[in-house]
Amino acid sequence: MGTDKQLLVKGMKFIGYTVTLMFLAPFVIYQAFKNQEHAAYVPVLIIGLILALAAIAMGFYTIKVFMDALFGKKTKD
């Protein structure tokens with residue numbers, strides 16, 4: 001049972017995407033709350049919340065990819 005190196009590299013790429021979303025989502029939400037009187041408040045807030053949900057989902061998917069790379073996929077016999 002070895003480490004799947006291609007899947008591990010894929011996981012490293014997803015970590016980059018996840019970390020980017022983890023920093024981008026709070027920044028967008030903060031900007032939305034900072035400009036509540038602006039007309040684009042609601043769309044920017046919605047985009048920020050979508051980015052936050054995407055960061056959470058990508059985090060779980062990244063963990064799954066790493067687990068598959070390190071421990072292998074379970075196969076049914």
# chains A, B, ... in the order shown; residues from 1 in each chain; ligands from 1
>>> select_by_dssp(residues="chain A", states="alpha helix (DSSP H)", output="PyMOL selection string")
chain A and resi 5-34+41-71
>>> residues_around(residues="segment 25-39 of chain A", least_positions_apart="6", cutoff="10 Å", atoms="only C-alpha atoms", output="PyMOL selection string")
chain A and resi 45-55
>>> residues_around(residues="Lys5 of chain A", least_positions_apart="5", cutoff="12 Å", atoms="only C-alpha atoms", output="list in words")
Lys10, Gly11, Met12, Val65, Phe66, Asp68, Ala69, Leu70, Phe71 and Gly72 of chain A
>>> residues_around(residues="Val19 of chain A", least_positions_apart="5", cutoff="10 Å", atoms="only C-alpha atoms", output="VMD selection string")
chain A and resid 14 24 55 58 to 59
